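Q: Supplied structure: coords.csv, CSV, C-alpha atoms and all ligand atoms.
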```csv
chain,number,residue,atom,x,y,z
S,167,ALA,CA,-28.3,6.9,-25.1
S,168,LEU,CA,-29.8,9.7,-23.0
S,169,THR,CA,-30.3,8.8,-19.4
S,170,LYS,CA,-32.4,11.0,-17.1
S,171,ARG,CA,-30.3,12.0,-14.1
S,172,VAL,CA,-31.7,12.9,-10.7
S,173,GLN,CA,-30.6,15.7,-8.5
S,174,CYS,CA,-29.0,14.3,-5.2
S,175,PRO,CA,-30.2,15.8,-1.9
S,176,ASP,CA,-26.8,17.4,-1.4
S,177,GLY,CA,-27.7,19.9,-4.1
S,178,ILE,CA,-24.3,19.3,-5.7
S,179,HIS,CA,-24.3,16.0,-7.5
S,180,THR,CA,-26.6,14.2,-9.9
S,181,ALA,CA,-26.9,10.5,-10.4
S,182,THR,CA,-28.6,8.1,-12.8
S,183,ASN,CA,-30.2,6.4,-9.7
S,184,ALA,CA,-31.0,8.2,-6.5
S,185,ALA,CA,-29.8,5.1,-4.5
S,186,CYS,CA,-26.3,6.0,-5.6
S,187,CYS,CA,-26.4,9.6,-4.1
S,188,PRO,CA,-25.1,8.7,-0.6
S,189,LEU,CA,-21.9,7.2,-2.2
S,190,PHE,CA,-20.6,10.7,-3.0
S,191,ASP,CA,-20.1,11.3,0.8
S,192,VAL,CA,-18.6,7.8,1.2
S,193,LEU,CA,-16.2,8.5,-1.6
S,194,GLU,CA,-15.1,11.8,-0.1
S,195,ASP,CA,-14.6,10.1,3.3
S,196,VAL,CA,-12.5,7.2,2.0
S,197,GLN,CA,-10.4,9.4,-0.2
S,198,GLN,CA,-9.6,11.9,2.7
S,199,ASN,CA,-9.5,9.5,5.6
S,200,LEU,CA,-8.4,6.1,4.3
S,201,PHE,CA,-6.4,6.8,1.1
S,202,ASP,CA,-4.5,9.9,2.3
S,203,GLY,CA,-6.2,12.2,-0.2
S,204,GLY,CA,-6.4,9.8,-3.1
S,205,GLU,CA,-3.1,7.8,-3.1
S,206,CYS,CA,-2.3,4.3,-4.5
S,207,GLY,CA,-0.4,3.5,-1.3
S,208,GLU,CA,-0.5,0.9,1.5
S,209,GLU,CA,-4.2,1.5,2.4
S,210,ALA,CA,-5.3,1.3,-1.2
S,211,HIS,CA,-3.3,-1.9,-1.7
S,212,GLU,CA,-4.7,-3.5,1.5
S,213,SER,CA,-8.3,-2.4,0.5
S,214,LEU,CA,-7.9,-4.2,-2.8
S,215,ARG,CA,-6.6,-7.3,-1.1
S,216,LEU,CA,-9.6,-7.2,1.2
S,217,VAL,CA,-11.9,-7.2,-1.9
S,218,PHE,CA,-10.4,-10.6,-2.8
S,219,HIS,CA,-10.3,-12.1,0.7
S,220,ASP,CA,-13.9,-11.3,1.4
S,221,ALA,CA,-15.3,-12.3,-2.0
S,222,ILE,CA,-13.4,-15.5,-2.6
S,223,SER,CA,-14.7,-17.0,0.6
S,224,ILE,CA,-17.6,-18.9,-1.0
S,225,SER,CA,-17.7,-22.5,-2.0
S,226,ASN,CA,-19.9,-24.2,-4.6
S,227,ALA,CA,-19.3,-27.5,-3.0
S,228,ALA,CA,-20.6,-26.1,0.3
S,229,GLY,CA,-23.7,-24.5,-1.2
S,230,ASN,CA,-22.5,-21.0,-2.1
S,231,VAL,CA,-23.0,-19.2,1.2
S,232,GLY,CA,-21.1,-15.9,1.7
S,233,GLY,CA,-18.9,-14.3,-0.9
S,234,ALA,CA,-18.7,-10.6,-1.2
S,235,ASP,CA,-20.7,-10.0,1.9
S,236,GLY,CA,-18.5,-8.0,4.3
S,237,SER,CA,-18.1,-11.0,6.7
S,238,ILE,CA,-14.4,-10.3,6.9
S,239,VAL,CA,-15.3,-6.9,8.5
S,240,VAL,CA,-18.4,-7.9,10.6
S,241,PHE,CA,-16.8,-11.2,11.8
S,242,ASP,CA,-13.3,-9.8,11.8
S,243,THR,CA,-12.4,-11.2,15.2
S,244,ILE,CA,-12.7,-14.7,13.6
S,245,GLU,CA,-11.8,-14.2,10.0
S,246,THR,CA,-8.8,-11.9,10.3
S,247,ASN,CA,-7.1,-14.6,12.4
S,248,TYR,CA,-7.3,-17.2,9.6
S,249,HIS,CA,-3.7,-17.8,8.4
S,250,ALA,CA,-4.4,-16.6,4.8
S,251,ASN,CA,-6.0,-13.4,6.2
S,252,LEU,CA,-3.2,-12.3,8.5
S,253,GLY,CA,-2.4,-8.6,8.2
S,254,THR,CA,-6.0,-7.7,7.1
S,255,ASP,CA,-6.9,-6.7,10.6
S,256,GLU,CA,-5.2,-3.4,10.2
S,257,ILE,CA,-7.2,-2.3,7.1
S,258,VAL,CA,-10.4,-3.7,8.6
S,259,GLN,CA,-9.8,-1.5,11.7
S,260,LYS,CA,-9.3,1.5,9.5
S,261,GLN,CA,-12.4,0.8,7.4
S,262,LYS,CA,-14.8,0.1,10.3
S,263,PRO,CA,-15.2,3.7,11.6
S,264,ILE,CA,-15.9,4.9,8.0
S,265,ILE,CA,-18.5,2.3,7.5
S,266,ALA,CA,-20.1,3.4,10.8
S,267,ARG,CA,-20.4,7.0,9.6
S,268,HIS,CA,-22.5,6.0,6.6
S,269,ASN,CA,-25.6,4.0,5.9
S,270,ILE,CA,-23.8,1.3,3.9
S,271,SER,CA,-23.4,-2.4,4.4
S,272,ALA,CA,-20.0,-3.9,5.1
S,273,GLY,CA,-20.2,-6.0,1.9
S,274,ASP,CA,-20.9,-2.9,-0.2
S,275,PHE,CA,-18.2,-0.9,1.5
S,276,VAL,CA,-15.4,-3.4,1.0
S,277,GLN,CA,-16.2,-3.6,-2.7
S,278,PHE,CA,-16.7,0.2,-3.0
S,279,ALA,CA,-13.4,1.0,-1.2
S,280,GLY,CA,-11.6,-1.5,-3.4
S,281,ALA,CA,-12.9,0.1,-6.6
S,282,VAL,CA,-12.0,3.6,-5.3
S,283,ALA,CA,-8.6,2.2,-4.2
S,284,VAL,CA,-7.8,0.9,-7.7
S,285,SER,CA,-9.0,4.2,-9.3
S,286,ASN,CA,-6.2,6.0,-7.3
S,287,CYS,CA,-3.5,4.0,-9.2
S,288,PRO,CA,-2.4,5.6,-12.5
S,289,GLY,CA,-3.1,3.3,-15.4
S,290,ALA,CA,-5.9,1.4,-13.7
S,291,PRO,CA,-9.4,0.7,-15.1
S,292,GLN,CA,-12.5,2.3,-13.7
S,293,ILE,CA,-13.9,-0.8,-11.9
S,294,PRO,CA,-17.8,-1.1,-11.9
S,295,PHE,CA,-19.5,-0.9,-8.6
S,296,PHE,CA,-23.0,-2.3,-7.8
S,297,LEU,CA,-24.8,-1.4,-4.6
S,298,GLY,CA,-27.2,-3.3,-2.4
S,299,ARG,CA,-25.5,-6.3,-0.6
S,300,PRO,CA,-27.3,-7.3,2.6
S,301,PRO,CA,-25.4,-7.8,5.8
S,302,PRO,CA,-23.5,-11.1,6.1
S,303,VAL,CA,-25.2,-14.1,7.6
S,304,SER,CA,-22.2,-15.7,9.2
S,305,GLN,CA,-18.4,-15.8,9.2
S,306,ALA,CA,-16.7,-17.5,6.3
S,307,PRO,CA,-15.2,-20.9,7.0
S,308,ASP,CA,-11.4,-21.1,7.2
S,309,GLY,CA,-9.4,-22.5,4.2
S,310,LEU,CA,-11.1,-20.8,1.3
S,311,VAL,CA,-8.5,-18.1,0.7
S,312,PRO,CA,-5.5,-19.2,-1.4
S,313,GLU,CA,-2.0,-19.3,0.1
S,314,PRO,CA,1.2,-18.4,-1.7
S,315,PHE,CA,2.6,-21.9,-0.9
S,316,ASP,CA,-0.4,-23.6,-2.5
S,317,SER,CA,0.2,-25.6,-5.7
S,318,VAL,CA,-1.2,-24.4,-9.0
S,319,ASP,CA,-3.6,-27.4,-9.0
S,320,LYS,CA,-4.9,-26.3,-5.6
S,321,ILE,CA,-5.2,-22.7,-6.5
S,322,LEU,CA,-7.0,-23.4,-9.8
S,323,ALA,CA,-9.4,-25.8,-8.0
S,324,ARG,CA,-10.2,-23.3,-5.3
S,325,PHE,CA,-11.0,-20.6,-7.9
S,326,ALA,CA,-13.1,-23.1,-9.9
S,327,ASP,CA,-15.1,-23.8,-6.7
S,328,ALA,CA,-15.8,-20.1,-5.9
S,329,GLY,CA,-19.4,-19.6,-6.8
S,330,PRO,CA,-21.8,-21.5,-9.0
S,331,VAL,CA,-19.8,-21.0,-12.2
S,332,GLY,CA,-16.4,-20.5,-10.7
S,333,PHE,CA,-13.3,-19.0,-12.3
S,334,THR,CA,-11.3,-20.5,-15.2
S,335,PRO,CA,-7.5,-20.6,-15.1
S,336,VAL,CA,-7.4,-17.6,-17.5
S,337,GLU,CA,-9.6,-15.7,-15.1
S,338,VAL,CA,-7.2,-16.5,-12.2
S,339,VAL,CA,-4.4,-14.9,-14.2
S,340,TRP,CA,-6.7,-11.8,-14.8
S,341,SER,CA,-7.2,-11.5,-11.0
S,342,LEU,CA,-3.5,-11.5,-10.4
S,343,VAL,CA,-3.1,-8.2,-12.3
S,344,SER,CA,-3.9,-7.0,-8.7
S,345,HIS,CA,-0.3,-7.8,-7.7
S,346,THR,CA,0.9,-4.9,-9.9
S,347,VAL,CA,-0.1,-2.6,-7.0
S,348,ALA,CA,0.9,-4.8,-4.1
S,349,ALA,CA,3.5,-5.6,-1.5
S,350,ALA,CA,4.0,-8.2,1.2
S,351,ASP,CA,4.3,-7.4,4.9
S,352,LEU,CA,4.3,-10.9,6.5
S,353,VAL,CA,5.7,-13.3,4.0
S,354,ASP,CA,9.1,-12.1,5.2
S,355,PRO,CA,8.3,-10.1,8.3
S,356,THR,CA,11.9,-8.7,8.4
S,357,ILE,CA,11.1,-6.6,5.3
S,358,PRO,CA,7.5,-5.3,5.4
S,359,GLY,CA,6.2,-3.4,2.4
S,360,SER,CA,8.3,-5.4,-0.1
S,361,PRO,CA,6.6,-4.9,-3.5
S,362,PHE,CA,5.8,-7.6,-6.1
S,363,ASP,CA,7.0,-5.4,-8.9
S,364,SER,CA,9.2,-2.3,-9.2
S,365,THR,CA,6.2,0.0,-9.6
S,366,PRO,CA,3.7,-0.8,-6.8
S,367,GLY,CA,2.1,2.7,-7.2
S,368,THR,CA,1.4,2.2,-10.9
S,369,PHE,CA,-1.1,-0.1,-12.5
S,370,ASP,CA,1.2,-1.3,-15.3
S,371,SER,CA,2.4,-4.7,-16.7
S,372,GLN,CA,5.8,-4.7,-14.9
S,373,PHE,CA,4.5,-7.4,-12.6
S,374,PHE,CA,4.1,-9.7,-15.6
S,375,VAL,CA,7.6,-8.9,-16.9
S,376,GLU,CA,9.4,-9.2,-13.5
S,377,THR,CA,7.7,-12.5,-12.4
S,378,GLN,CA,9.0,-14.1,-15.7
S,379,LEU,CA,12.6,-13.2,-15.0
S,380,LYS,CA,15.0,-15.7,-13.5
S,381,GLY,CA,15.0,-15.5,-9.7
S,382,THR,CA,18.4,-14.8,-8.2
S,383,LEU,CA,18.0,-13.6,-4.7
S,384,PHE,CA,15.8,-13.4,-1.6
S,385,PRO,CA,15.3,-9.7,-0.7
S,386,GLY,CA,15.4,-10.5,3.0
S,387,THR,CA,15.8,-13.8,4.8
S,388,SER,CA,15.6,-17.2,3.0
S,389,GLY,CA,13.4,-20.1,3.9
S,390,ASN,CA,10.1,-18.3,4.1
S,391,GLN,CA,7.0,-20.3,3.3
S,392,GLY,CA,5.4,-19.2,0.0
S,393,GLU,CA,8.4,-17.1,-1.2
S,394,ALA,CA,10.5,-17.7,-4.3
S,395,GLU,CA,13.7,-16.0,-5.4
S,396,SER,CA,13.1,-12.6,-7.1
S,397,PRO,CA,15.2,-10.9,-9.8
S,398,LEU,CA,15.6,-7.6,-7.9
S,399,ALA,CA,16.9,-6.5,-4.5
S,400,GLY,CA,13.9,-5.3,-2.5
S,401,GLU,CA,11.4,-7.2,-4.6
S,402,MET,CA,9.3,-10.0,-3.2
S,403,ARG,CA,8.2,-12.9,-5.4
S,404,LEU,CA,5.4,-15.2,-4.2
S,405,GLN,CA,5.9,-18.9,-4.9
S,406,SER,CA,2.3,-18.9,-6.3
S,407,ASP,CA,3.0,-16.1,-8.8
S,408,HIS,CA,6.3,-17.8,-9.8
S,409,ASP,CA,4.4,-21.1,-10.5
S,410,LEU,CA,1.4,-19.5,-12.3
S,411,ALA,CA,3.8,-17.6,-14.6
S,412,ARG,CA,5.3,-21.0,-15.6
S,413,ASP,CA,2.4,-23.5,-15.6
S,414,SER,CA,1.3,-24.5,-19.1
S,415,ARG,CA,-2.4,-23.7,-18.2
S,416,THR,CA,-1.6,-20.1,-17.3
S,417,ALA,CA,1.8,-19.0,-18.7
S,418,CYS,CA,0.5,-17.7,-22.1
S,419,GLU,CA,-2.2,-15.6,-20.5
S,420,TRP,CA,0.4,-14.3,-18.0
S,421,GLN,CA,2.8,-13.3,-20.8
S,422,SER,CA,-0.1,-11.8,-22.8
S,423,PHE,CA,-0.4,-8.9,-20.3
S,424,VAL,CA,3.2,-7.7,-21.0
S,425,ASN,CA,3.0,-4.3,-22.6
S,426,ASN,CA,-0.8,-4.7,-23.2
S,427,PRO,CA,-2.3,-2.0,-21.0
S,428,THR,CA,-5.8,-2.1,-22.7
S,429,LYS,CA,-6.1,-5.8,-22.1
S,430,LEU,CA,-4.7,-5.4,-18.5
S,431,ARG,CA,-7.4,-2.9,-17.6
S,432,ASN,CA,-10.3,-4.6,-19.3
S,433,ARG,CA,-9.7,-8.1,-18.0
S,434,PHE,CA,-9.0,-6.9,-14.5
S,435,SER,CA,-12.1,-4.8,-14.5
S,436,ASP,CA,-14.2,-7.8,-15.6
S,437,VAL,CA,-12.8,-10.2,-13.1
S,438,VAL,CA,-13.0,-7.8,-10.1
S,439,LEU,CA,-16.7,-7.2,-11.0
S,440,LYS,CA,-17.2,-10.9,-11.1
S,441,LEU,CA,-15.5,-11.3,-7.7
S,442,SER,CA,-17.6,-8.4,-6.3
S,443,LEU,CA,-20.8,-10.2,-7.3
S,444,LEU,CA,-20.0,-13.6,-5.6
S,445,GLY,CA,-22.9,-14.6,-3.5
S,446,HIS,CA,-25.3,-12.1,-5.1
S,447,ASP,CA,-27.7,-11.9,-8.0
S,448,GLN,CA,-26.6,-8.9,-10.0
S,449,SER,CA,-30.2,-8.0,-11.0
S,450,THR,CA,-31.0,-7.3,-7.3
S,451,LEU,CA,-28.2,-4.6,-7.1
S,452,THR,CA,-28.0,-1.1,-8.4
S,453,ASP,CA,-25.3,0.0,-10.9
S,454,CYS,CA,-23.5,2.9,-9.2
S,455,SER,CA,-20.3,2.6,-11.3
S,456,GLU,CA,-20.5,6.3,-12.2
S,457,ILE,CA,-19.4,7.2,-8.6
S,458,ILE,CA,-16.0,5.5,-9.0
S,459,PRO,CA,-13.4,8.1,-10.1
S,460,VAL,CA,-11.9,7.9,-13.6
S,461,PRO,CA,-8.2,6.9,-13.1
S,462,GLN,CA,-5.3,8.8,-14.4
S,463,THR,CA,-4.0,7.3,-17.7
S,464,ILE,CA,-0.4,6.5,-18.3
S,465,ASN,CA,1.6,5.8,-21.4
S,466,VAL,CA,4.9,4.1,-20.3
S,467,PRO,CA,6.1,1.0,-22.1
S,468,ALA,CA,7.1,-2.0,-20.0
S,469,THR,CA,10.9,-2.4,-19.6
S,470,PHE,CA,13.4,-4.8,-18.3
S,471,PRO,CA,14.9,-3.5,-15.0
S,472,ALA,CA,18.4,-2.1,-15.4
S,473,GLY,CA,21.0,-4.8,-16.0
S,474,LEU,CA,18.5,-7.4,-17.2
S,475,THR,CA,17.5,-8.4,-20.7
S,476,ILE,CA,15.5,-11.0,-22.7
S,477,ALA,CA,18.3,-13.5,-21.8
S,478,ASP,CA,17.0,-13.4,-18.2
S,479,VAL,CA,13.5,-14.4,-19.2
S,480,GLU,CA,12.4,-17.9,-18.3
S,481,GLN,CA,10.1,-18.2,-21.3
S,482,ALA,CA,7.2,-20.5,-20.3
S,483,CYS,CA,4.5,-19.7,-23.0
S,484,VAL,CA,5.1,-22.2,-25.8
S,485,GLY,CA,4.5,-20.8,-29.2
S,486,THR,CA,4.5,-17.1,-28.6
S,487,ALA,CA,7.8,-15.2,-28.1
S,488,PHE,CA,8.3,-12.9,-25.1
S,489,PRO,CA,7.7,-9.3,-26.2
S,490,SER,CA,10.9,-7.3,-27.0
S,491,LEU,CA,11.4,-4.6,-24.4
S,492,ALA,CA,14.0,-2.0,-23.7
S,493,THR,CA,16.2,-2.2,-20.6
S,494,ASP,CA,16.0,0.6,-18.1
S,495,PRO,CA,19.2,2.7,-18.3
S,496,GLY,CA,21.7,3.2,-15.5
S,497,PRO,CA,23.1,1.0,-12.8
S,498,VAL,CA,21.3,-1.9,-11.2
S,499,THR,CA,18.8,-0.6,-8.7
S,500,SER,CA,16.9,-2.0,-5.7
S,501,VAL,CA,13.1,-1.6,-5.2
S,502,PRO,CA,12.2,0.5,-2.2
S,503,PRO,CA,9.6,-0.7,0.2
S,504,VAL,CA,6.0,0.7,0.1
S,505,ALA,CA,5.8,3.4,2.8
S,506,GLY,CA,3.4,2.9,5.8
S,507,SER,CA,3.5,-0.9,5.6
G,601,LIG,C1,-3.5,-17.2,-6.1
G,601,LIG,C2,-4.1,-16.2,-5.5
G,601,LIG,C3,-3.5,-15.3,-4.5
G,601,LIG,C4,-2.5,-15.5,-3.6
G,601,LIG,C5,-1.9,-16.8,-3.2
G,601,LIG,C6,-2.2,-14.2,-3.0
G,601,LIG,C7,-1.3,-14.1,-2.0
G,601,LIG,C8,-0.9,-12.8,-1.5
G,601,LIG,C9,0.1,-12.6,-0.4
G,601,LIG,C10,0.8,-13.7,0.3
G,601,LIG,C11,0.2,-11.3,-0.2
G,601,LIG,C12,1.1,-10.6,0.8
G,601,LIG,C13,0.4,-10.5,2.1
G,601,LIG,C14,1.4,-9.9,3.2
G,601,LIG,O1,2.3,-10.6,3.5
G,601,LIG,O2,1.2,-8.7,3.6
G,601,LIG,C15,-0.7,-10.7,-1.1
G,601,LIG,C16,-0.8,-9.3,-1.2
G,601,LIG,C17,-1.8,-8.7,-2.0
G,601,LIG,N1,-2.8,-9.3,-2.8
G,601,LIG,FE1,-2.8,-11.3,-3.3
G,601,LIG,N2,-2.9,-13.3,-3.6
G,601,LIG,C18,-3.7,-13.9,-4.5
G,601,LIG,C19,-4.7,-13.2,-5.3
G,601,LIG,C20,-5.0,-11.9,-5.2
G,601,LIG,C21,-6.2,-11.3,-5.8
G,601,LIG,C22,-7.2,-12.0,-6.7
G,601,LIG,C23,-6.2,-10.0,-5.5
G,601,LIG,C24,-7.2,-8.9,-5.8
G,601,LIG,C25,-8.1,-9.0,-6.8
G,601,LIG,C26,-5.0,-9.8,-4.6
G,601,LIG,C27,-4.7,-8.6,-4.1
G,601,LIG,C28,-3.5,-8.4,-3.3
G,601,LIG,C29,-3.0,-7.1,-3.0
G,601,LIG,C30,-3.5,-5.7,-3.5
G,601,LIG,C31,-1.9,-7.3,-2.2
G,601,LIG,C32,-1.0,-6.2,-1.5
G,601,LIG,C33,-1.5,-5.7,-0.2
G,601,LIG,C34,-0.5,-4.7,0.3
G,601,LIG,O3,0.3,-4.2,-0.4
G,601,LIG,O4,-0.6,-4.3,1.5
G,601,LIG,N3,-4.4,-11.0,-4.5
G,601,LIG,N4,-1.3,-11.6,-1.9
G,602,CA,CA,3.1,-2.0,-10.9
G,603,MN,MN,0.6,-4.1,3.2
```
The structure in this file should be written as structure tokens.
A:
Amino acid sequence: ALTKRVQCPDGIHTATNAACCPLFDVLEDVQQNLFDGGECGEEAHESLRLVFHDAISISNAAGNVGGADGSIVVFDTIETNYHANLGTDEIVQKQKPIIARHNISAGDFVQFAGAVAVSNCPGAPQIPFFLGRPPPVSQAPDGLVPEPFDSVDKILARFADAGPVGFTPVEVVWSLVSHTVAAADLVDPTIPGSPFDSTPGTFDSQFFVETQLKGTLFPGTSGNQGEAESPLAGEMRLQSDHDLARDSRTACEWQSFVNNPTKLRNRFSDVVLKLSLLGHDQSTLTDCSEIIPVPQTINVPATFPAGLTIADVEQACVGTAFPSLATDPGPVTSVPPVAGS
């Protein structure tokens, strides 16, 4: 279809809707001053985490107030002190001056920065972005963000209660594709930056392979709340990811992402869009998805880490065999921490 484009006031860009033009400057600012020139590093990871923590803070039972409204930024002195949000204060402090330089709401910025963050990760989808969220009305109440020590029942119930339609167990799995570009700083504070898979800078399916492997060690100290044993030195496994990979309601969807990059991209894109619209009527927002950069593509098959094979898989999906994968060559390695964590 032919779409008429407008010339933006900067004289450089064009857009399908003039309302999107200011986002070219915001994009430049976040790439240069938040994401170190366009990296999939610590600030990109934390900005994606912030997408979730802002958006999921809405409850159908409580009347669907809030959601993706930027309250975690505007009411940061309250919300970043909630236990589940600990550690988000740093990225909020880095985002605030950028928001102040532009005429953009905090709710829009959090979702925009998250979509740009994901686009910096090779293999990622181009996440749609809609513009026009009003300022938040109030801080989100405590207790709406899932914790890694929550049971699967509790996690699924919390997601089901997020917004008027909620999220199904399968959509919960889709949302956890995020943990392919992620690390933990506070679950074990002695080892900040410990990644959830061996490739935290790449948007691949290693997270779904490695969470299905038998846990054999704690990368740092033992006894941390919300942590389960992982299969690799340096790698952190959340109790919640361990349990979701093995629960009969979620295990087959979890396994289905292994070596399925097209599904990984498409489902994650769908579910992040849905998160980004929590608390909003999509028809009141403007589609500015074209401003989000097109991510670099990758073509690397999933593998078992060196020294591990199908024999180390804790098969949980009944009825579908775990995909057959090669094992990385060479000696057993350990996963290095994410820099700047
Ligand atoms: C059951 C649901 C979830 C739980 C229990 C959970 C829990 C956690 C925990 C405990 C951390 C480590 C925080 C730290 O110690 O620094 C983390 C990191 C992260 N989470 Fe989740 N998460 C969930 C869902 C999500 C979703 C839906 C997204 C995004 C769509 C997301 C994105 C991230 C990212 C990107 C990081 C890494 C941040 C960094 O590397 O700095 N999480 N998550
Ligand atoms: Ca990865
Ligand atoms: Mn971090």
Q: Residues near region 232-234 of chain S, anyone? I mean within 8 Å using only C-alpha atoms, not counting same-chain ones fewer than 5 positions away, as a list in words.
A: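 Answer for this query is Val217, Asp220, Ala221, Ile222, Ser223, Ile224, Gly273, Gln277, Pro302, Val303, Ser304, Gln305, Ala306, Gly329, Leu441, Ser442, Leu443, Leu444, Gly445 and His446 of chain S.
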Q: Build an axis-aligned box that encloses every atom of ligand LIG 601 (chain G) listed in the file, pad it by 8 Å on each side, and report its centre and edge lengths in Å to one decimal, as AutoDock Vina command-line options.
A:
```
--center_x -2.9 --center_y -10.7 --center_z -1.6 --size_x 26.4 --size_y 29.0 --size_z 26.4
```
Q: May I ask you to write as a PyMOL selection string all residues lying at most 6 Å from ligand LIG 601 (chain G), with only C-alpha atoms and all ligand atoms counted?
A: chain S and resi 208+211-212+214-215+218+253+312-314+321+341-342+344-345+347-353+406
Q: Leaving out Arg267 (chain S) and any residue of its chain fewer than 4 positions from it, which residues lie within 12 Å of it when counting only C-alpha atoms, given as number ranges by chain?
A: S: 188-189, 191-192, 195-196, 199, 261-263, 271-272, 275
Q: Considering all atoms listed in the file, return as a list in words whatever protein or nucleic-acid residues lie within 7 Å of Asn286 (chain S), sequence-local ones (same chain, fewer than 3 positions apart) excluded.
A: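 Non-adjacent residues within range: Gly204, Glu205, Cys206, Val282, Ala283 and Pro461 of chain S.
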Q: Kindly compile the residues surrounding ligand CA 602 (chain G) within 8 Å, counting all atoms listed in the file, and format them as a ChimeraX atom specification.
A: /S:345-348,362-373
Q: State, in Å with one decimal place, the distance from CA of Cys187 (chain S) to CA of Leu200 (chain S).
A: 20.2 Å
Q: S:Gln378, S:Asn425, S:Gly400, S:Pro330: which is nearest Ile357 (chain S), counting only C-alpha atoms?
A: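 For Ile357 (chain S), the nearest of the given residues is S:Gly400.
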Q: Can you tell me how far CA of Val311 (chain S) sits from CA of Thr254 (chain S), in Å to one decimal?
A: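 That distance, rounded to one decimal, is 12.5 Å.
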Q: Any idea what's packed within 10 Å of region 174-178 of chain S, counting only C-alpha atoms, ignoring anything in its chain fewer than 3 positions away? Could you give it as a ChimeraX atom specification?
A: /S:171,181-188,190-191
Q: Which residues are near Val258 (chain S)? Cut-off 9 Å, only C-alpha atoms, ignore same chain within fewer than 2 positions. Put them as a VMD selection string.
A: chain S and resid 213 216 238 to 239 242 246 254 to 256 260 to 262
Q: Report, in Å to a single decimal, how far apart CA of Ala210 (chain S) and CA of Leu193 (chain S) are.
A: 13.1 Å
Q: Place a sphere of radius 7 Å on (13.8, -6.5, -13.8) in the file coordinates and name every protein, DNA or RNA residue with an atom inside or on its surface, counting only C-alpha atoms; give the answer as a VMD selection string.
A: chain S and resid 376 379 397 to 398 470 to 472 474
Q: Which of these residues is nearest to Pro307 (chain S), using only C-alpha atoms: S:Leu322, S:Leu430, S:Ile293, S:Ala250?
A: S:Ala250
Q: Give the answer as one residue: which of S:Val466, S:Val504, S:Ala228, S:Val498 has the shortest atom-to-atom distance to ligand MN 603 (chain G), using only C-alpha atoms and all ligand atoms?
A: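 The closest residue to ligand MN 603 (chain G) is S:Val504.
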Q: Of the residues S:Thr499, S:Pro335, S:Gln421, S:Pro358, which is the one nearest to ligand MN 603 (chain G), using all atoms listed in the file?
A: S:Pro358
Q: Select, from S:His268, S:Lys440, S:Arg431, S:His249, the residue with the minimum atom-to-atom distance to Gly289 (chain S), counting all atoms listed in the file.
A: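 Counting all atoms listed in the file, the residue closest to Gly289 (chain S) is S:Arg431.
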Q: With all atoms listed in the file as the basis for distance, which of S:Ser422, S:Pro291, S:Asp327, S:Asp316 is at the shortest distance from Ala487 (chain S)?
A: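 With all atoms listed in the file as the atom set, the closest residue is S:Ser422.
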